[in-house]
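Student: To be precise about what I am sending: the file is called protein34.txt and holds compact mmCIF, C-alpha atoms.
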# COMPACT_ATOMS: atom_id res chain seq x y z
CA MET G 1 -48.52 -40.64 -0.84
CA LEU G 2 -49.43 -43.33 1.63
CA ALA G 3 -50.85 -42.27 4.93
CA GLU G 4 -49.18 -43.52 8.08
CA GLY G 5 -50.97 -46.58 9.44
CA ALA G 6 -52.70 -47.51 6.18
CA ALA G 7 -53.82 -51.12 6.02
CA PRO G 8 -52.84 -53.50 3.22
CA ASP G 9 -55.34 -54.33 0.55
CA ASN G 10 -56.38 -57.83 -0.38
CA GLU G 11 -56.01 -57.14 -4.12
CA CYS G 12 -52.98 -55.20 -5.28
CA VAL G 13 -53.13 -54.38 -8.98
CA SER G 14 -50.44 -52.24 -10.65
CA SER G 15 -50.89 -50.40 -13.92
CA GLY G 16 -48.36 -48.31 -15.91
CA ALA G 17 -48.56 -44.65 -16.70
CA ALA G 18 -48.52 -45.51 -20.37
CA MET G 19 -51.92 -47.12 -19.85
CA GLY G 20 -53.27 -43.82 -18.56
CA THR G 21 -54.07 -44.94 -15.02
CA THR G 22 -53.13 -43.34 -11.74
CA GLY G 23 -51.64 -46.47 -10.23
CA ALA G 24 -53.81 -46.35 -7.11
CA VAL G 25 -54.90 -49.63 -5.51
CA SER G 26 -58.37 -49.60 -4.11
CA GLY G 27 -59.91 -52.05 -1.66
CA THR G 28 -63.23 -52.61 0.06
CA THR G 29 -62.00 -52.50 3.62
CA GLY G 30 -59.00 -50.24 3.80
CA PRO G 31 -57.32 -47.15 2.46
CA GLN G 32 -55.48 -47.05 -0.85
CA VAL G 33 -51.97 -48.35 -1.37
CA ALA G 34 -50.30 -46.37 -4.21
CA SER G 35 -49.04 -48.60 -6.98
CA ARG G 36 -47.72 -47.81 -10.44
CA SER G 37 -45.05 -49.27 -12.65
CA HIS G 38 -42.61 -47.11 -14.57
CA PRO G 39 -43.93 -45.35 -17.67
CA ARG G 40 -42.75 -45.79 -21.22
CA HIS G 41 -40.03 -43.34 -22.10
CA HIS G 42 -37.32 -42.74 -24.63
CA VAL G 43 -33.63 -43.16 -23.97
CA PRO G 44 -31.68 -39.90 -23.85
CA VAL G 45 -29.08 -39.17 -26.45
CA ILE G 46 -25.54 -39.65 -25.15
CA ARG G 47 -23.27 -37.63 -27.32
CA SER G 48 -20.03 -39.23 -26.24
CA SER G 49 -18.72 -42.26 -24.44
CA SER G 50 -17.64 -40.23 -21.43
CA ARG G 51 -18.74 -41.45 -18.06
CA GLY G 52 -19.79 -39.77 -14.85
CA VAL G 53 -21.18 -36.30 -14.76
CA LYS G 54 -22.35 -36.07 -18.36
CA ILE G 55 -24.37 -39.28 -18.09
CA VAL G 56 -25.92 -38.30 -14.74
CA VAL G 57 -26.82 -34.80 -15.93
CA THR G 58 -28.34 -36.20 -19.12
CA PHE G 59 -30.55 -38.65 -17.25
CA LEU G 60 -31.53 -36.00 -14.71
CA LEU G 61 -32.75 -33.81 -17.53
CA VAL G 62 -34.74 -36.73 -18.95
CA ALA G 63 -36.22 -37.44 -15.53
CA LEU G 64 -37.15 -33.78 -15.14
CA PHE G 65 -38.85 -33.81 -18.54
CA PHE G 66 -40.99 -36.86 -17.84
CA ALA G 67 -41.73 -35.78 -14.26
CA THR G 68 -43.01 -32.48 -15.63
CA GLN G 69 -45.05 -34.38 -18.21
CA GLY G 70 -46.66 -36.55 -15.52
CA VAL G 71 -47.47 -33.55 -13.34
CA MET G 72 -48.98 -31.58 -16.23
CA VAL G 73 -51.10 -34.54 -17.33
CA ARG G 74 -52.57 -34.92 -13.84
CA VAL G 75 -53.18 -31.20 -13.53
CA SER G 76 -54.91 -31.15 -16.93
CA ARG G 77 -57.20 -33.94 -15.70
CA GLY G 78 -58.04 -32.07 -12.54
CA LEU G 79 -56.27 -34.66 -10.36
CA PRO G 80 -53.93 -33.93 -7.44
CA ILE G 81 -50.22 -34.18 -8.16
CA ASP G 82 -48.80 -37.58 -7.24
CA TRP G 83 -45.37 -36.50 -5.96
CA GLN G 84 -44.39 -40.03 -5.06
CA TRP G 85 -44.87 -41.57 -8.50
CA ASP G 86 -44.82 -38.63 -10.89
CA VAL G 87 -41.71 -37.02 -9.38
CA MET G 88 -39.74 -39.18 -6.98
CA HIS G 89 -40.16 -42.43 -8.87
CA GLU G 90 -39.23 -40.79 -12.17
CA PHE G 91 -35.92 -39.52 -10.81
CA LEU G 92 -35.14 -42.85 -9.15
CA TYR G 93 -35.97 -44.76 -12.32
CA TRP G 94 -33.74 -42.72 -14.60
CA LEU G 95 -30.87 -42.39 -12.14
CA ILE G 96 -30.76 -46.18 -11.89
CA TRP G 97 -30.56 -46.29 -15.69
CA ALA G 98 -27.71 -43.75 -15.49
CA ALA G 99 -25.86 -46.19 -13.23
CA PHE G 100 -26.37 -49.03 -15.73
CA THR G 101 -25.39 -46.99 -18.78
CA PRO G 102 -21.56 -47.26 -18.43
CA PRO G 103 -21.55 -51.09 -18.38
CA ILE G 104 -24.00 -51.13 -21.31
CA ILE G 105 -21.68 -48.83 -23.26
CA THR G 106 -18.69 -50.99 -22.35
CA ALA G 107 -20.57 -54.04 -23.66
CA ALA G 108 -21.45 -52.14 -26.84
CA GLN G 109 -17.78 -51.32 -27.31
CA ARG G 110 -16.64 -54.90 -26.82
CA TRP G 111 -19.47 -56.58 -28.78
CA PRO G 112 -20.33 -54.59 -31.91
CA VAL G 113 -23.19 -56.20 -33.82
CA SER G 114 -21.48 -56.04 -37.19
CA GLY G 115 -19.10 -58.13 -39.24
CA ASP G 116 -18.67 -61.88 -39.08
CA THR G 117 -19.14 -62.03 -35.31
CA GLY G 118 -22.39 -60.08 -35.30
CA TRP G 119 -24.61 -62.98 -34.25
CA LYS G 120 -22.30 -63.91 -31.41
CA SER G 121 -22.40 -60.31 -30.20
CA VAL G 122 -26.19 -60.29 -30.37
CA ALA G 123 -26.30 -63.43 -28.26
CA ARG G 124 -24.00 -61.85 -25.66
CA HIS G 125 -26.11 -58.71 -25.55
CA LEU G 126 -29.28 -60.74 -25.14
CA GLY G 127 -27.72 -62.50 -22.16
CA LEU G 128 -26.63 -59.24 -20.55
CA MET G 129 -30.00 -57.65 -21.33
CA ALA G 130 -31.78 -60.52 -19.56
CA ILE G 131 -29.81 -59.61 -16.44
CA VAL G 132 -29.83 -55.82 -16.63
CA ALA G 133 -33.54 -55.29 -17.37
CA PRO G 134 -35.06 -57.11 -14.34
CA VAL G 135 -32.24 -56.01 -12.02
CA GLN G 136 -32.69 -52.35 -13.01
CA ILE G 137 -36.43 -52.25 -12.32
CA SER G 138 -36.03 -54.29 -9.15
CA ILE G 139 -33.40 -51.91 -7.79
CA THR G 140 -35.65 -48.98 -8.69
CA TYR G 141 -38.55 -50.40 -6.67
CA LEU G 142 -36.26 -51.34 -3.77
CA ALA G 143 -34.85 -47.79 -3.69
CA HIS G 144 -38.41 -46.46 -3.82
CA PHE G 145 -39.39 -48.77 -0.94
CA ALA G 146 -36.33 -47.78 1.10
CA LEU G 147 -37.14 -44.08 0.81
CA LEU G 148 -40.75 -44.65 1.84
CA ARG G 149 -39.63 -46.57 4.89
CA ALA G 150 -36.86 -44.10 5.73
CA PHE G 151 -39.27 -41.17 5.80
CA GLY G 152 -41.97 -43.16 7.60
CA VAL G 153 -44.43 -42.87 4.75
CA LEU G 154 -45.00 -46.61 4.46
CA PRO G 155 -45.85 -48.40 7.71
CA VAL G 156 -44.34 -51.78 8.43
CA GLU G 157 -47.66 -53.60 8.23
CA LEU G 158 -48.15 -52.40 4.62
CA SER G 159 -44.64 -53.25 3.44
CA GLY G 160 -45.45 -56.77 2.31
CA ALA G 161 -48.49 -55.68 0.35
CA TRP G 162 -46.56 -52.82 -1.26
CA LEU G 163 -43.77 -55.13 -2.38
CA GLU G 164 -46.23 -57.73 -3.62
CA ALA G 165 -47.97 -55.09 -5.71
CA ARG G 166 -44.68 -54.39 -7.47
CA VAL G 167 -44.52 -57.83 -9.12
CA THR G 168 -46.59 -56.65 -12.06
CA GLY G 169 -44.36 -53.57 -12.37
CA VAL G 170 -41.24 -55.75 -12.41
CA VAL G 171 -42.64 -57.81 -15.27
CA TRP G 172 -43.62 -54.65 -17.15
CA GLY G 173 -40.28 -53.01 -16.40
CA THR G 174 -38.31 -56.04 -17.55
CA PHE G 175 -39.81 -55.90 -21.02
CA THR G 176 -39.53 -52.12 -21.39
CA GLY G 177 -36.05 -52.22 -19.82
CA SER G 178 -34.99 -54.73 -22.49
CA LEU G 179 -35.98 -52.17 -25.09
CA TYR G 180 -34.08 -49.42 -23.27
CA TYR G 181 -30.97 -51.60 -23.14
CA TRP G 182 -30.91 -51.84 -26.94
CA MET G 183 -31.74 -48.17 -27.31
CA ILE G 184 -28.79 -47.14 -25.14
CA ALA G 185 -26.48 -49.47 -27.07
CA ALA G 186 -27.87 -48.20 -30.38
CA VAL G 187 -27.32 -44.57 -29.36
CA TYR G 188 -23.71 -45.41 -28.51
CA TRP G 189 -23.17 -47.18 -31.84
CA ALA G 190 -24.69 -44.26 -33.71
CA ALA G 191 -22.47 -41.77 -31.87
CA GLU G 192 -19.42 -43.97 -32.45
CA PHE G 193 -20.26 -44.32 -36.14
CA GLN G 194 -20.55 -40.53 -36.42
CA ARG G 195 -17.21 -40.08 -34.63
CA LEU G 196 -15.49 -42.58 -36.90
CA TYR G 197 -17.10 -40.97 -39.94
CA ARG G 198 -15.81 -37.55 -38.93
CA ALA G 199 -12.35 -38.98 -38.22
CA GLU G 200 -12.33 -40.73 -41.60
CA ARG G 201 -13.36 -37.57 -43.39
CA LEU G 202 -10.68 -35.59 -41.57
CA GLN G 203 -8.08 -38.22 -42.44
CA ALA G 204 -9.20 -38.22 -46.07
CA ALA G 205 -9.01 -34.41 -46.17
CA GLN G 206 -5.54 -34.47 -44.65
CA LEU G 207 -4.44 -37.11 -47.15
CA GLU G 208 -5.88 -35.10 -50.02
CA ALA G 209 -4.10 -31.98 -48.77
CA SER G 210 -0.84 -33.93 -48.46
CA LEU G 211 -1.19 -35.24 -52.00
CA ALA G 212 -1.97 -31.77 -53.30
CA ASP G 213 1.00 -30.37 -51.41
CA ALA G 214 3.26 -33.07 -52.83
CA ARG G 215 1.99 -32.34 -56.35
CA LEU G 216 2.63 -28.61 -55.93
CA ASN G 217 6.13 -29.34 -54.68
CA ALA G 218 6.71 -31.57 -57.68
CA LEU G 219 5.48 -28.88 -60.04
CA ARG G 220 7.71 -26.28 -58.48
CA ALA G 221 10.67 -28.66 -58.52
CA GLN G 222 10.00 -29.21 -62.22
CA LEU G 223 10.72 -25.54 -62.89
CA GLN G 224 14.17 -25.56 -61.32
CA PRO G 225 15.96 -28.09 -63.60
CA HIS G 226 14.14 -26.63 -66.61
CA PHE G 227 15.36 -23.14 -65.77
CA LEU G 228 18.86 -24.35 -64.90
CA PHE G 229 19.13 -26.22 -68.19
CA ASN G 230 18.24 -23.13 -70.20
CA THR G 231 20.57 -20.88 -68.21
CA LEU G 232 23.55 -23.24 -68.25
CA ASN G 233 23.03 -23.81 -71.94
CA ALA G 234 23.33 -20.05 -72.50
CA VAL G 235 26.41 -19.90 -70.24
CA SER G 236 28.10 -22.67 -72.22
CA VAL G 237 27.71 -20.64 -75.40
CA LEU G 238 29.08 -17.47 -73.80
CA THR G 239 32.12 -19.21 -72.33
CA VAL G 240 33.48 -19.28 -75.88
CA GLU G 241 32.02 -16.07 -77.29
CA ASP G 242 32.23 -13.79 -74.24
CA PRO G 243 33.89 -15.32 -71.12
CA PRO G 244 33.43 -12.21 -68.89
CA ARG G 245 29.70 -12.19 -69.53
CA ALA G 246 29.55 -15.94 -68.91
CA LYS G 247 31.25 -15.38 -65.54
CA GLN G 248 28.78 -12.61 -64.72
CA MET G 249 25.86 -14.92 -65.57
CA VAL G 250 27.20 -17.62 -63.25
CA LEU G 251 27.44 -15.10 -60.41
CA ARG G 252 23.87 -13.93 -61.07
CA LEU G 253 22.72 -17.53 -61.19
CA SER G 254 24.29 -18.13 -57.78
CA GLU G 255 22.42 -15.13 -56.38
CA LEU G 256 19.14 -16.37 -57.84
CA LEU G 257 19.57 -19.88 -56.43
CA ARG G 258 20.41 -18.43 -53.03
CA ALA G 259 17.31 -16.21 -53.12
CA SER G 260 15.08 -19.11 -54.16
CA MET G 261 16.44 -21.22 -51.29
CA ASP G 262 15.59 -18.44 -48.84
CA VAL G 263 11.94 -18.74 -49.82
CA GLY G 264 11.78 -22.29 -48.43
CA ASP G 265 10.25 -25.47 -49.79
CA ASP G 266 7.18 -25.40 -47.54
CA ARG G 267 5.72 -22.14 -48.86
CA HIS G 268 3.53 -22.27 -51.93
CA GLU G 269 2.71 -18.56 -51.77
CA VAL G 270 4.81 -15.47 -51.11
CA PRO G 271 4.05 -11.74 -51.21
CA LEU G 272 4.34 -10.23 -54.66
CA SER G 273 7.17 -8.03 -53.35
CA ALA G 274 9.22 -11.15 -52.53
CA GLU G 275 8.41 -12.68 -55.90
CA LEU G 276 9.63 -9.47 -57.58
CA GLU G 277 12.94 -9.80 -55.74
CA LEU G 278 13.38 -13.29 -57.20
CA LEU G 279 12.45 -11.91 -60.60
CA GLN G 280 15.10 -9.19 -60.30
CA ALA G 281 17.73 -11.85 -59.61
CA TYR G 282 16.61 -13.74 -62.70
CA LEU G 283 16.56 -10.57 -64.80
CA GLY G 284 20.13 -9.91 -63.69
CA ILE G 285 21.11 -13.14 -65.46
CA GLN G 286 19.24 -12.16 -68.60
CA ARG G 287 20.74 -8.66 -68.63
CA ALA G 288 24.17 -10.22 -68.41
CA ARG G 289 23.23 -12.42 -71.34
CA PHE G 290 21.50 -9.92 -73.63
CA GLY G 291 23.12 -6.71 -72.47
CA GLU G 292 21.50 -3.55 -73.80
CA ARG G 293 19.32 -5.54 -76.20
CA LEU G 294 16.95 -6.40 -73.30
CA GLN G 295 14.80 -3.66 -71.81
CA ILE G 296 12.79 -4.37 -68.64
CA ARG G 297 9.87 -2.29 -67.42
CA LEU G 298 8.15 -2.95 -64.08
CA GLU G 299 4.76 -1.29 -63.62
CA ILE G 300 3.70 -2.42 -60.15
CA GLU G 301 1.00 -0.64 -58.18
CA PRO G 302 2.00 -0.23 -54.49
CA SER G 303 -1.33 -1.68 -53.37
CA ALA G 304 -0.55 -4.93 -55.16
CA THR G 305 2.82 -5.71 -53.57
CA ALA G 306 1.30 -7.28 -50.42
CA ALA G 307 -0.81 -9.77 -52.38
CA LEU G 308 0.17 -13.41 -52.11
CA VAL G 309 1.15 -15.16 -55.33
CA PRO G 310 2.51 -18.64 -56.10
CA THR G 311 6.25 -19.02 -55.58
CA LEU G 312 8.27 -18.81 -58.81
CA LEU G 313 5.29 -17.46 -60.72
CA LEU G 314 6.86 -14.57 -62.62
CA GLN G 315 10.17 -16.17 -63.62
CA PRO G 316 8.74 -18.81 -65.99
CA LEU G 317 6.37 -16.23 -67.53
CA VAL G 318 9.22 -13.81 -68.20
CA GLU G 319 11.45 -16.64 -69.41
CA ASN G 320 8.70 -17.71 -71.81
CA ALA G 321 8.45 -14.13 -73.13
CA ILE G 322 12.22 -13.85 -73.63
CA ARG G 323 12.65 -17.26 -75.20
CA HIS G 324 9.73 -17.15 -77.62
CA GLY G 325 9.44 -13.41 -78.11
CA LEU G 326 12.96 -11.96 -78.11
CA GLU G 327 15.48 -14.74 -78.72
CA GLY G 328 16.77 -14.70 -82.26
CA SER G 329 16.08 -11.00 -82.67
CA GLU G 330 19.19 -8.93 -83.41
CA ASN G 331 17.59 -5.82 -81.94
CA GLY G 332 16.31 -7.55 -78.78
CA GLY G 333 13.19 -6.08 -77.28
CA ALA G 334 11.34 -5.03 -74.18
CA ILE G 335 9.57 -7.00 -71.47
CA THR G 336 6.91 -5.25 -69.41
CA VAL G 337 5.70 -6.74 -66.14
CA SER G 338 2.66 -5.07 -64.59
CA ALA G 339 0.54 -5.83 -61.54
CA ARG G 340 -2.53 -4.09 -60.21
CA ARG G 341 -5.42 -4.74 -57.90
CA ASN G 342 -8.87 -4.89 -59.44
CA GLY G 343 -11.34 -5.23 -56.57
CA ASP G 344 -10.98 -8.73 -55.18
CA GLU G 345 -8.63 -9.77 -57.96
CA LEU G 346 -4.95 -9.38 -58.68
CA VAL G 347 -4.17 -8.80 -62.36
CA ILE G 348 -0.65 -9.55 -63.60
CA GLU G 349 0.52 -9.08 -67.17
CA VAL G 350 3.81 -10.04 -68.81
CA ARG G 351 4.19 -8.51 -72.24
CA ASP G 352 6.87 -8.69 -74.87
CA ASP G 353 7.13 -6.66 -78.08
CA GLY G 354 8.56 -9.50 -80.10
CA ARG G 355 7.35 -11.34 -83.15
CA GLY G 356 4.01 -12.37 -81.62
CA LEU G 357 2.28 -15.70 -81.91
CA VAL G 358 3.64 -17.82 -84.72
CA THR G 359 0.29 -19.52 -85.18
CA ASP G 360 -3.25 -18.84 -84.06
CA ALA G 361 -2.91 -21.57 -81.43
CA ALA G 362 -1.73 -20.24 -78.11
CA GLY G 363 -0.30 -23.67 -77.43
CA ALA G 364 2.51 -22.91 -79.85
CA ARG G 365 4.22 -20.90 -77.10
CA GLU G 366 3.18 -22.94 -74.09
CA GLY G 367 6.32 -24.69 -72.96
CA VAL G 368 7.07 -26.37 -69.67
CA GLY G 369 7.05 -23.12 -67.70
CA LEU G 370 3.66 -21.87 -68.90
CA ALA G 371 1.96 -25.27 -68.65
CA ASN G 372 3.42 -25.71 -65.19
CA SER G 373 2.12 -22.32 -64.10
CA LYS G 374 -1.39 -23.12 -65.33
CA GLU G 375 -1.53 -26.38 -63.38
CA ARG G 376 -0.19 -24.81 -60.19
CA LEU G 377 -2.75 -21.99 -60.40
CA ALA G 378 -5.57 -24.48 -60.94
CA ARG G 379 -4.51 -26.51 -57.91
CA LEU G 380 -4.13 -23.48 -55.67
CA TYR G 381 -7.19 -21.45 -56.67
CA GLY G 382 -9.48 -23.79 -58.61
CA ASP G 383 -11.89 -21.89 -60.85
CA HIS G 384 -11.07 -18.55 -59.21
CA GLN G 385 -8.19 -17.85 -61.58
CA TYR G 386 -7.29 -17.86 -65.22
CA LEU G 387 -4.23 -17.44 -67.42
CA VAL G 388 -4.53 -16.48 -71.06
CA LEU G 389 -1.98 -15.98 -73.82
CA ARG G 390 -2.95 -13.54 -76.54
CA THR G 391 -1.55 -11.17 -79.14
CA HIS G 392 -1.21 -7.58 -78.01
CA PRO G 393 -2.82 -4.95 -80.30
CA GLU G 394 0.45 -3.00 -80.45
CA GLY G 395 2.49 -6.09 -81.27
CA GLY G 396 4.02 -8.89 -79.35
CA VAL G 397 2.35 -11.24 -76.92
CA VAL G 398 0.87 -10.67 -73.51
CA VAL G 399 0.24 -13.26 -70.80
CA GLU G 400 -2.61 -12.09 -68.60
CA LEU G 401 -3.02 -13.72 -65.22
CA VAL G 402 -5.93 -13.12 -62.83
CA LEU G 403 -6.08 -14.66 -59.36
CA PRO G 404 -7.80 -13.87 -56.05
CA PHE G 405 -6.35 -10.93 -54.15
CA HIS G 406 -5.44 -12.03 -50.65
CA THR G 407 -2.73 -11.23 -48.16
CA ALA G 408 -3.13 -14.10 -45.69
Go ahead and render the structure in this file as structure tokens.
Tutor:
Amino acid sequence: MLAEGAAPDNECVSSGAAMGTTGAVSGTTGPQVASRSHPRHHVPVIRSSSRGVKIVVTFLLVALFFATQGVMVRVSRGLPIDWQWDVMHEFLYWLIWAAFTPPIITAAQRWPVSGDTGWKSVARHLGLMAIVAPVQISITYLAHFALLRAFGVLPVELSGAWLEARVTGVVWGTFTGSLYYWMIAAVYWAAEFQRLYRAERLQAAQLEASLADARLNALRAQLQPHFLFNTLNAVSVLTVEDPPRAKQMVLRLSELLRASMDVGDDRHEVPLSAELELLQAYLGIQRARFGERLQIRLEIEPSATAALVPTLLLQPLVENAIRHGLEGSENGGAITVSARRNGDELVIEVRDDGRGLVTDAAGAREGVGLANSKERLARLYGDHQYLVLRTHPEGGVVVELVLPFHTA
């Protein structure tokens, strides 16, 4: 601090804190006039383009950090704390930068240094930098001077010498301020790039989800005409051979279509209990078709009914078992559908007691329904599922399906 009534010195030399000096001006005939330019610092990170309070608070924290650093350095050297330069000047310096930050960010928004106009933007920034840097340090020193005069710390007769001693600091501050200008702009560009990157990733994820959703809808829609074709083909045969049964099948088909519409097109998973209701409607059609030649057994553990499964999962599996396992058999056969929870997995099996696999290749019985089910499971659960087709030891074929057990 300057003492009241101190006389000006004939030689006023300013040195920055980065040079490790105290900034005091000594003379042969009078007391010292404190003099020090702003130290070298780093620009704070601005995490968004918001103005006002966030910017001020950020720069206040930076000022507090460097003020504490200056105080601790002087204490470690056994020197008295310089409250004027190590504390007050630090806060003034960074608060002035806080005031200049919004226009710098606005310039960074308007003049990005990329693309075909990058060099023009650089030229504009250089012009603005040439204005901001000297103005910022000059305002800082003027604010410093005003506070000293307001509190009577700096006498009038020393004012000229004090201001003259700041010339070196203005030159120093202009060069360092030019660096800070680019650092503030660079921090904004980095934050903006990160924001755009996150937005692009989110948009890509949403697009990928939309495409996956569309594909699942297409796969499910593929089942409906395939199933309708098979059912109507059977009805057409029965209209000649057994008209009452054909009429019963049409009524059951109407019930099944109504039940499938109740599920909704926007749901890719339903509780197993709801899927079993759809299956019962489908089995009603097959019972009307096969009569007593078709036996159905449901072995469902109560703990498994709340598990979510893909919509229209069981119907194509049962249809595959009936078509490839029981059709053409005069005696018919039995279809067993079982479901149980095995830890974190749901195990579903659809078994027929028909003629078994015609060949060793499971693909011999993989029609549209089974292939469709495999693709839907892969898209919904990735590698956390599997579906296998194999010969049962007691005869017939079993489709075993394992998928994650989840209820939400």
Student: Using all atoms listed in the file, pick whichever of G:Ala371, G:Val309, G:Ala190, G:Val122 has the shortest atom-to-atom distance to G:Leu403.
Tutor: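 Checking each of G:Ala371, G:Val309, G:Ala190, G:Val122 against G:Leu403, counting all atoms listed in the file, the winner is G:Val309.
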Student: Got a sec to check which residues sit within 10 Å of (-30.9, -37.3, -18.8), counting only C-alpha atoms, and write them as number ranges by chain?
Tutor: G: 43-46, 54-65, 91, 94-95, 97-98
Student: What's around G:Ile335 at 7 Å? Count only C-alpha atoms, leave out sequence neighbours fewer than 3 positions away in its own chain, and write the answer as a PyMOL selection string.
Tutor: chain G and resi 295-297+351-352
Student: Between G:Met88, G:Met129, G:Ser273, G:Val73, which has the minimum distance to G:Glu301 (counting only C-alpha atoms)?
Tutor: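 Residue with the minimum atom-to-atom distance to G:Glu301: G:Ser273.
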Student: Between G:Val156, G:Ile300, G:His324, G:Phe405, which has the minimum distance to G:Val337 (counting all atoms listed in the file)?
Tutor: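 Checking each of G:Val156, G:Ile300, G:His324, G:Phe405 against G:Val337, counting all atoms listed in the file, the winner is G:Ile300.
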Student: For the atom pair atom CA of G:Arg323 and atom CA of G:Pro271, what is the interatomic distance in Å to one decimal place?
Tutor: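 Those two atoms sit 26.1 Å apart.
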Student: Taking 2 positions as the minimum chain separation for residues in the same chain, which residues sit within 9 Å of G:Pro310 when counting only C-alpha atoms? Answer as a PyMOL selection string.
Tutor: chain G and resi 267-272+275+308+312-314+373+376-377+380
Student: Rounded to one decimal place, report the atom CA of G:Gln136-atom CA of G:Ala107 distance in Å.
Tutor: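 Separating atom CA of G:Gln136 from atom CA of G:Ala107 is a distance of 16.2 Å.
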